[in-house]
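Data file: input.txt. Format and content: compact mmCIF, C-alpha atoms.
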# COMPACT_ATOMS: atom_id res chain seq x y z
CA MET A 1 -3.29 6.13 16.46
CA SER A 2 -6.79 4.72 16.01
CA GLN A 3 -7.33 1.34 14.39
CA ALA A 4 -9.57 2.99 11.78
CA LEU A 5 -6.75 5.34 10.73
CA GLN A 6 -4.20 2.54 10.69
CA HIS A 7 -6.49 0.59 8.38
CA LEU A 8 -6.66 3.51 5.94
CA LEU A 9 -2.93 4.17 5.86
CA SER A 10 -0.79 2.27 3.36
CA LYS A 11 1.34 -0.52 4.77
CA PHE A 12 3.91 0.11 2.05
CA GLU A 13 6.76 2.59 1.81
CA LEU A 14 6.34 5.55 -0.55
CA GLY A 15 8.79 5.99 -3.41
CA THR A 16 10.46 2.59 -3.14
CA PHE A 17 10.37 -0.27 -5.62
CA ALA A 18 7.08 -2.17 -5.13
CA GLY A 19 6.60 -0.41 -1.79
CA LEU A 20 9.50 -2.25 -0.19
CA PRO A 21 10.77 -1.17 3.22
CA GLY A 22 13.76 1.13 3.25
CA LYS A 23 15.63 -0.70 5.96
CA PRO A 24 16.11 -4.33 7.04
CA SER A 25 13.61 -6.03 9.32
CA ASP A 26 14.49 -7.57 12.65
CA ASP A 27 12.20 -10.50 11.80
CA ARG A 28 14.12 -11.93 8.85
CA PRO A 29 17.53 -11.63 7.19
CA THR A 30 17.89 -9.44 4.12
CA ARG A 31 18.54 -11.74 1.17
CA ALA A 32 18.53 -8.99 -1.47
CA ALA A 33 18.88 -5.22 -1.42
CA ILE A 34 17.88 -2.79 -4.16
CA LEU A 35 20.18 0.18 -4.68
CA GLY A 36 19.85 3.04 -7.16
CA LEU A 37 22.84 4.31 -9.15
CA PRO A 38 21.66 7.57 -10.78
CA PHE A 39 24.66 8.16 -13.01
CA ASP A 40 25.52 8.39 -16.69
CA THR A 41 28.69 9.55 -18.39
CA GLY A 42 26.88 11.77 -20.87
CA THR A 43 28.97 10.39 -23.74
CA ASN A 44 25.98 9.34 -25.81
CA GLY A 45 25.50 12.20 -28.27
CA PHE A 46 21.74 11.88 -28.64
CA ARG A 47 20.01 9.99 -25.82
CA ILE A 48 21.12 11.14 -22.39
CA GLY A 49 18.85 10.34 -19.47
CA SER A 50 19.85 7.06 -17.79
CA ARG A 51 20.80 8.98 -14.64
CA GLN A 52 17.02 9.25 -14.12
CA GLY A 53 16.55 5.50 -14.47
CA PRO A 54 16.40 4.34 -10.82
CA ASN A 55 13.48 6.53 -9.77
CA HIS A 56 11.69 5.87 -13.05
CA ILE A 57 11.84 2.11 -12.49
CA ARG A 58 10.51 2.60 -8.97
CA ALA A 59 7.67 4.82 -10.17
CA SER A 60 6.84 2.26 -12.87
CA HIS A 61 6.36 -0.52 -10.36
CA LEU A 62 3.99 0.25 -7.51
CA PRO A 63 3.12 -2.06 -4.58
CA ASP A 64 -0.25 -3.17 -5.97
CA ARG A 65 1.55 -5.51 -8.44
CA ARG A 66 4.10 -7.32 -6.29
CA PHE A 67 3.19 -10.95 -7.01
CA LEU A 68 3.74 -13.12 -10.08
CA PHE A 69 1.13 -15.27 -11.82
CA ASN A 70 3.64 -18.09 -12.28
CA SER A 71 4.70 -18.16 -8.62
CA GLU A 72 3.11 -19.20 -5.33
CA ARG A 73 5.78 -17.35 -3.35
CA ASP A 74 5.47 -14.07 -1.49
CA PHE A 75 9.12 -13.77 -2.44
CA LEU A 76 9.63 -10.12 -1.52
CA ASN A 77 8.68 -10.89 2.09
CA GLU A 78 10.36 -14.31 2.16
CA LEU A 79 13.65 -12.79 1.02
CA GLY A 80 13.37 -9.74 3.27
CA VAL A 81 14.06 -7.50 0.26
CA VAL A 82 14.72 -3.83 1.03
CA ASP A 83 15.13 -0.76 -1.16
CA LEU A 84 18.04 1.26 0.20
CA GLY A 85 17.42 4.25 -2.07
CA ASN A 86 19.94 6.00 -4.32
CA ILE A 87 23.63 6.65 -3.85
CA GLN A 88 24.25 10.40 -4.00
CA LEU A 89 26.21 10.83 -7.24
CA THR A 90 27.10 13.76 -9.50
CA PRO A 91 26.93 12.68 -13.17
CA SER A 92 29.94 14.75 -14.23
CA LYS A 93 32.18 13.39 -11.44
CA LEU A 94 33.09 9.98 -12.85
CA GLU A 95 35.95 8.93 -10.58
CA ASP A 96 34.07 10.11 -7.49
CA ALA A 97 30.97 8.20 -8.62
CA PHE A 98 32.96 5.04 -9.24
CA GLU A 99 34.50 5.22 -5.75
CA LYS A 100 31.11 5.70 -4.10
CA ILE A 101 29.47 2.92 -6.11
CA GLU A 102 32.26 0.47 -5.29
CA ALA A 103 32.10 1.36 -1.58
CA ALA A 104 28.31 1.03 -1.45
CA LEU A 105 28.28 -2.32 -3.23
CA SER A 106 31.04 -3.60 -0.95
CA ALA A 107 28.89 -2.68 2.05
CA VAL A 108 25.93 -4.60 0.61
CA TYR A 109 28.14 -7.65 -0.05
CA ASP A 110 29.55 -7.49 3.47
CA SER A 111 26.00 -7.54 4.85
CA GLY A 112 25.42 -10.88 3.14
CA ALA A 113 22.75 -9.56 0.76
CA VAL A 114 22.61 -9.87 -3.02
CA PRO A 115 22.66 -6.37 -4.52
CA VAL A 116 20.05 -5.58 -7.16
CA SER A 117 21.23 -2.31 -8.67
CA LEU A 118 19.21 0.12 -10.76
CA GLY A 119 21.31 2.11 -13.23
CA GLY A 120 22.38 4.40 -14.61
CA ASP A 121 24.16 3.74 -17.87
CA GLY A 122 26.49 0.84 -18.58
CA SER A 123 29.48 2.57 -17.02
CA VAL A 124 28.17 1.87 -13.50
CA THR A 125 28.87 -1.83 -13.97
CA LEU A 126 32.66 -1.51 -13.70
CA PRO A 127 32.81 -0.29 -10.06
CA GLN A 128 30.24 -2.94 -9.16
CA LEU A 129 32.41 -5.64 -10.73
CA ARG A 130 35.36 -4.33 -8.72
CA ALA A 131 33.38 -4.63 -5.49
CA ALA A 132 32.19 -8.13 -6.40
CA TYR A 133 35.75 -9.20 -7.21
CA LYS A 134 36.94 -8.08 -3.76
CA LYS A 135 34.30 -10.31 -2.22
CA TYR A 136 34.31 -13.35 -4.51
CA GLY A 137 37.45 -13.24 -6.67
CA PRO A 138 37.29 -13.61 -10.48
CA LEU A 139 33.66 -13.70 -11.53
CA SER A 140 31.61 -15.51 -14.09
CA VAL A 141 29.52 -12.91 -15.92
CA ILE A 142 26.39 -13.07 -18.03
CA HIS A 143 26.12 -9.73 -19.82
CA CYS A 144 22.80 -9.37 -21.66
CA ASP A 145 23.21 -6.47 -24.06
CA ALA A 146 22.96 -5.44 -27.71
CA HIS A 147 26.58 -4.29 -27.35
CA THR A 148 29.60 -6.04 -25.89
CA ASP A 149 31.02 -2.89 -24.23
CA THR A 150 34.58 -4.01 -24.98
CA SER A 151 35.72 -1.12 -27.17
CA ASP A 152 37.62 2.11 -26.71
CA VAL A 153 36.31 5.18 -28.51
CA GLU A 154 39.00 7.55 -29.72
CA GLY A 155 39.06 10.75 -27.71
CA ALA A 156 36.38 9.64 -25.22
CA GLY A 157 38.72 8.64 -22.39
CA PRO A 158 39.22 5.31 -20.64
CA TYR A 159 35.79 5.09 -18.97
CA THR A 160 32.65 5.21 -21.09
CA THR A 161 29.68 2.95 -21.62
CA THR A 162 31.62 1.10 -24.33
CA THR A 163 34.72 0.31 -22.26
CA THR A 164 33.25 -1.40 -19.18
CA PHE A 165 34.18 -4.99 -19.94
CA LEU A 166 37.40 -4.06 -21.71
CA ARG A 167 38.65 -2.36 -18.54
CA ALA A 168 37.37 -5.25 -16.42
CA ALA A 169 39.31 -7.70 -18.60
CA GLU A 170 42.46 -5.60 -18.28
CA GLU A 171 42.06 -5.48 -14.50
CA GLY A 172 41.70 -9.27 -14.33
CA ILE A 173 38.53 -9.19 -12.27
CA LEU A 174 36.56 -11.58 -14.51
CA ASP A 175 36.87 -15.26 -15.29
CA ALA A 176 37.39 -14.68 -19.02
CA GLU A 177 36.37 -18.16 -20.16
CA SER A 178 33.06 -17.94 -18.30
CA THR A 179 32.16 -14.39 -19.25
CA TYR A 180 29.37 -14.34 -21.82
CA HIS A 181 28.00 -11.44 -23.85
CA VAL A 182 24.49 -12.44 -24.88
CA GLY A 183 22.38 -10.68 -27.48
CA ALA A 184 24.94 -8.69 -29.50
CA ARG A 185 23.62 -7.34 -32.78
CA GLY A 186 22.95 -4.23 -34.80
CA THR A 187 25.03 -1.35 -36.08
CA LEU A 188 28.65 -0.40 -35.37
CA SER A 189 30.54 2.87 -35.45
CA SER A 190 33.54 1.37 -37.28
CA LEU A 191 34.53 -1.58 -39.49
CA SER A 192 36.97 -2.98 -36.93
CA GLY A 193 34.35 -5.45 -35.83
CA ALA A 194 33.03 -6.23 -32.37
CA ARG A 195 33.91 -9.92 -32.64
CA LYS A 196 37.59 -9.23 -33.21
CA LYS A 197 37.73 -6.89 -30.23
CA ILE A 198 35.96 -9.27 -27.91
CA ASN A 199 38.24 -12.15 -28.87
CA GLY A 200 41.09 -10.12 -27.43
CA THR A 201 39.46 -10.27 -24.01
CA GLY A 202 38.98 -14.05 -24.06
CA HIS A 203 35.26 -13.56 -23.44
CA ARG A 204 32.59 -15.51 -25.26
CA ILE A 205 29.83 -14.04 -27.37
CA ILE A 206 26.34 -15.38 -28.08
CA PRO A 207 24.90 -13.11 -30.78
CA MET A 208 21.16 -12.49 -30.82
CA ASP A 209 20.71 -14.64 -33.93
CA GLU A 210 22.34 -17.59 -32.13
CA PHE A 211 20.33 -16.86 -28.98
CA ILE A 212 17.03 -16.96 -30.88
CA GLY A 213 18.05 -19.93 -33.01
CA GLU A 214 19.10 -22.07 -30.06
CA GLY A 215 16.21 -20.91 -27.91
CA PRO A 216 16.38 -18.79 -24.74
CA GLY A 217 15.76 -21.68 -22.36
CA ASN A 218 18.33 -23.87 -24.08
CA VAL A 219 20.95 -21.13 -23.91
CA GLY A 220 20.28 -20.76 -20.19
CA GLU A 221 20.68 -24.49 -19.61
CA ARG A 222 23.95 -24.48 -21.57
CA LEU A 223 25.36 -21.61 -19.52
CA HIS A 224 24.35 -23.33 -16.29
CA GLY A 225 26.18 -26.45 -17.40
CA GLU A 226 29.32 -24.52 -18.29
CA ILE A 227 29.39 -22.17 -15.29
CA GLY A 228 28.36 -24.64 -12.61
CA ASP A 229 28.23 -23.29 -9.07
CA ARG A 230 30.76 -20.46 -9.51
CA PRO A 231 29.72 -16.97 -8.36
CA VAL A 232 27.87 -15.21 -11.19
CA TYR A 233 27.34 -11.54 -11.88
CA ILE A 234 24.34 -10.86 -14.15
CA CYS A 235 24.42 -7.55 -15.99
CA TRP A 236 21.13 -6.84 -17.75
CA ASP A 237 21.19 -3.90 -20.15
CA MET A 238 17.61 -3.13 -21.20
CA ASP A 239 18.62 -2.74 -24.85
CA PHE A 240 18.93 -6.53 -24.83
CA PHE A 241 15.22 -6.27 -25.56
CA ASP A 242 13.88 -5.10 -28.88
CA PRO A 243 12.93 -1.38 -28.97
CA SER A 244 9.34 -2.41 -29.70
CA VAL A 245 9.05 -3.51 -26.05
CA ALA A 246 11.81 -1.38 -24.48
CA PRO A 247 12.01 1.93 -26.36
CA GLY A 248 13.41 3.96 -23.47
CA VAL A 249 17.07 2.99 -23.62
CA ALA A 250 20.25 4.89 -24.40
CA MET A 251 21.18 3.00 -27.59
CA PRO A 252 18.28 1.01 -29.09
CA GLU A 253 19.09 -1.72 -31.62
CA TRP A 254 16.42 -3.48 -33.66
CA GLY A 255 16.20 -7.24 -33.73
CA GLY A 256 16.39 -7.76 -29.98
CA ALA A 257 14.63 -10.20 -27.68
CA SER A 258 10.91 -10.00 -27.15
CA ALA A 259 9.71 -9.59 -23.59
CA ARG A 260 8.74 -13.25 -23.47
CA GLU A 261 12.10 -14.45 -24.82
CA GLY A 262 14.02 -12.28 -22.36
CA LEU A 263 12.00 -13.38 -19.34
CA THR A 264 12.23 -17.03 -20.39
CA PHE A 265 16.01 -16.71 -20.53
CA LEU A 266 16.16 -14.97 -17.16
CA ASN A 267 14.08 -17.69 -15.53
CA SER A 268 16.38 -20.34 -17.00
CA LEU A 269 19.27 -18.78 -15.03
CA SER A 270 17.59 -19.18 -11.63
CA GLN A 271 19.71 -22.21 -10.67
CA LEU A 272 22.95 -20.27 -10.95
CA ASN A 273 24.83 -18.98 -7.92
CA THR A 274 24.04 -15.35 -8.71
CA VAL A 275 25.75 -12.93 -6.32
CA SER A 276 24.77 -9.66 -8.02
CA PHE A 277 22.09 -8.44 -10.42
CA ASP A 278 22.69 -5.20 -12.30
CA ILE A 279 19.95 -3.70 -14.49
CA ASN A 280 20.80 -0.56 -16.41
CA THR A 281 20.31 1.83 -19.34
CA VAL A 282 16.69 2.79 -18.73
CA SER A 283 16.34 6.33 -20.14
CA PRO A 284 13.06 7.90 -18.96
CA PRO A 285 13.03 10.84 -21.43
CA HIS A 286 12.77 8.29 -24.24
CA ASP A 287 10.40 5.83 -22.56
CA ILE A 288 7.07 5.79 -24.38
CA GLN A 289 4.24 5.35 -21.84
CA GLY A 290 6.71 3.97 -19.31
CA LEU A 291 7.03 0.63 -21.11
CA THR A 292 10.75 0.19 -20.43
CA GLY A 293 10.42 1.06 -16.76
CA GLN A 294 7.56 -1.41 -16.40
CA LEU A 295 9.50 -4.17 -18.13
CA ALA A 296 12.57 -3.45 -16.01
CA GLY A 297 10.40 -3.85 -12.93
CA ARG A 298 9.16 -7.20 -14.21
CA VAL A 299 12.75 -8.32 -14.82
CA ILE A 300 13.59 -7.48 -11.21
CA LEU A 301 10.59 -9.39 -9.87
CA GLU A 302 11.37 -12.45 -11.99
CA PHE A 303 14.97 -12.44 -10.79
CA LEU A 304 13.95 -12.15 -7.14
CA ASN A 305 11.36 -14.89 -7.53
CA GLY A 306 14.13 -17.21 -8.72
CA LEU A 307 16.43 -16.32 -5.81
CA PRO A 308 16.36 -19.00 -3.11
CA VAL A 309 16.00 -18.14 0.56
CA LYS A 310 19.41 -18.33 2.22
CA ASP A 311 19.99 -21.40 4.38
Here is the file; what I need is its structure written in the form of structure tokens.
Amino acid sequence: MSQALQHLLSKFELGTFAGLPGKPSDDRPTRAAILGLPFDTGTNGFRIGSRQGPNHIRASHLPDRRFLFNSERDFLNELGVVDLGNIQLTPSKLEDAFEKIEAALSAVYDSGAVPVSLGGDGSVTLPQLRAAYKKYGPLSVIHCDAHTDTSDVEGAGPYTTTTTFLRAAEEGILDAESTYHVGARGTLSSLSGARKKINGTGHRIIPMDEFIGEGPGNVGERLHGEIGDRPVYICWDMDFFDPSVAPGVAMPEWGGASAREGLTFLNSLSQLNTVSFDINTVSPPHDIQGLTGQLAGRVILEFLNGLPVKD
């Protein structure tokens, strides 16, 4: 191949997040690996589409914007980040999907990399938590979401987007006292009350009003002080943000975090021993001008920029 042609060809992969390579390099260890989970349960009656989320996030973040203004690091190269593509899942086959997700995440953990997963709806978190538990034992969790996902819905079965952390609590795979649901707010489908249900799990809740009142950075510092160096699983549902900045989600709730507040909070968590980062609930059919996909890409970059190179 001529040097002139090599110069014209892109040095980036096509179709991956930020043009990342699709396989590890021999030159450096893989500190983090992106993995798509194109699955949703279809239980939302009005806004189905999160199964398309992984490719939408990738398409929303191209390789010409892979650096951050607030960072001097070429962190994607330093960390040897790769994009492994999507797990082959069939949305209607829930148990099969859960088995495949758990197996894939276990393989990433066994490789020594931190998985950065692209959902998918909130149901994909449960098999990921199971895989993390096998590797690390009971986990500390920071769940950023407008909903606590600790409730059964009559007639919907044991596994929906609302039951993820309820099932995880029942299975004993979380450290209940250091599991935090951050950003809860909005409307409910019954008068039973989300707070009462979550108290039954032993988890802790930081409602959006408290989050804003205390300040995103201060909340992050508090959680760091309480969690310490324990392994942490961060689950970031994009409806944590207000619909004005993230309209393309499965269940939007007004009164959420602004983009600046959310990113400030995420950066305040960079000192934690985060072993998994799970971003979900991007619904492309509802994403006006790709805003949610773009913001999800920024969240991923900010997380990776805060991830230290492994010793």
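Taking CA of Thr163 in chain A and CA of Pro115 in chain A as endpoints, the distance between them is 22.5 Å.
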Which neighbours of range 74-76 of chain A fall inside 9 Å, counting all atoms listed in the file, when residues of the same chain fewer than 3 positions from it are skipped, and could you give them as a PDB file with C-alpha atoms, in the coordinates of the input?
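File written: out00.pdb
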ATOM      1  CA  LEU A  20       9.500  -2.250  -0.190  1.00  0.00           C
ATOM      2  CA  ALA A  32      18.530  -8.990  -1.470  1.00  0.00           C
ATOM      3  CA  ARG A  66       4.100  -7.320  -6.290  1.00  0.00           C
ATOM      4  CA  PHE A  67       3.190 -10.950  -7.010  1.00  0.00           C
ATOM      5  CA  LEU A  68       3.740 -13.120 -10.080  1.00  0.00           C
ATOM      6  CA  SER A  71       4.700 -18.160  -8.620  1.00  0.00           C
ATOM      7  CA  LEU A  79      13.650 -12.790   1.020  1.00  0.00           C
ATOM      8  CA  GLY A  80      13.370  -9.740   3.270  1.00  0.00           C
ATOM      9  CA  VAL A  81      14.060  -7.500   0.260  1.00  0.00           C
ATOM     10  CA  VAL A  82      14.720  -3.830   1.030  1.00  0.00           C
ATOM     11  CA  LEU A 301      10.590  -9.390  -9.870  1.00  0.00           C
ATOM     12  CA  LEU A 304      13.950 -12.150  -7.140  1.00  0.00           C
ATOM     13  CA  ASN A 305      11.360 -14.890  -7.530  1.00  0.00           C
ATOM     14  CA  GLY A 306      14.130 -17.210  -8.720  1.00  0.00           C
ATOM     15  CA  LEU A 307      16.430 -16.320  -5.810  1.00  0.00           C
ATOM     16  CA  PRO A 308      16.360 -19.000  -3.110  1.00  0.00           C
ATOM     17  CA  VAL A 309      16.000 -18.140   0.560  1.00  0.00           C
TER      18      VAL A 309
END
Length of the CA of Ala33 in chain A to CA of Ala146 in chain A vector [Å]: 26.6 Å
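Closest approach to Gly53 in chain A among A:Val249, A:Ile87, A:Leu223, A:Cys235 is made by A:Val249 (distances from all atoms listed in the file).
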CA of Phe265 in chain A to CA of Asn218 in chain A, distance in Å rounded to a single decimal: 8.3 Å
Give me the residues near Lys134 in chain A as a PDB file with C-alpha atoms, in the coordinates of the input, where near means some atom within 12 Å (using all atoms listed in the file) and where sequence neighbours in that chain fewer than 4 positions away do not count.
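Here's the written file selection_15.pdb:
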ATOM      1  CA  GLU A 102      32.260   0.470  -5.290  1.00  0.00           C
ATOM      2  CA  ALA A 103      32.100   1.360  -1.580  1.00  0.00           C
ATOM      3  CA  LEU A 105      28.280  -2.320  -3.230  1.00  0.00           C
ATOM      4  CA  SER A 106      31.040  -3.600  -0.950  1.00  0.00           C
ATOM      5  CA  ALA A 107      28.890  -2.680   2.050  1.00  0.00           C
ATOM      6  CA  TYR A 109      28.140  -7.650  -0.050  1.00  0.00           C
ATOM      7  CA  ASP A 110      29.550  -7.490   3.470  1.00  0.00           C
ATOM      8  CA  PRO A 127      32.810  -0.290 -10.060  1.00  0.00           C
ATOM      9  CA  GLN A 128      30.240  -2.940  -9.160  1.00  0.00           C
ATOM     10  CA  LEU A 129      32.410  -5.640 -10.730  1.00  0.00           C
ATOM     11  CA  ARG A 130      35.360  -4.330  -8.720  1.00  0.00           C
ATOM     12  CA  PRO A 138      37.290 -13.610 -10.480  1.00  0.00           C
ATOM     13  CA  LEU A 139      33.660 -13.700 -11.530  1.00  0.00           C
ATOM     14  CA  GLY A 172      41.700  -9.270 -14.330  1.00  0.00           C
ATOM     15  CA  ILE A 173      38.530  -9.190 -12.270  1.00  0.00           C
ATOM     16  CA  LEU A 174      36.560 -11.580 -14.510  1.00  0.00           C
TER      17      LEU A 174
END
Minimum-distance residue to Ser244 in chain A, chosen among A:Leu266, A:Leu295, A:Val219, A:Leu272 (using only C-alpha atoms): A:Leu295
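Residue nearest His203 in chain A, chosen from A:Tyr233, A:Phe165, A:Tyr133, A:Phe39 and counting all atoms listed in the file: A:Phe165.
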Residues within 12 Å of Asp237 in chain A, only C-alpha atoms, excluding chain neighbours under 2 positions, as a PyMOL selection string: chain A and resi 50+53+117-125+142-149+161+181-184+234-235+239-242+246+248-253+256-257+262+277-283+292+295-296+299
Nearest to Ser92 in chain A by atom-to-atom distance, counting all atoms listed in the file, from A:Gly186, A:Pro231, A:Pro38, A:Gly15: A:Pro38
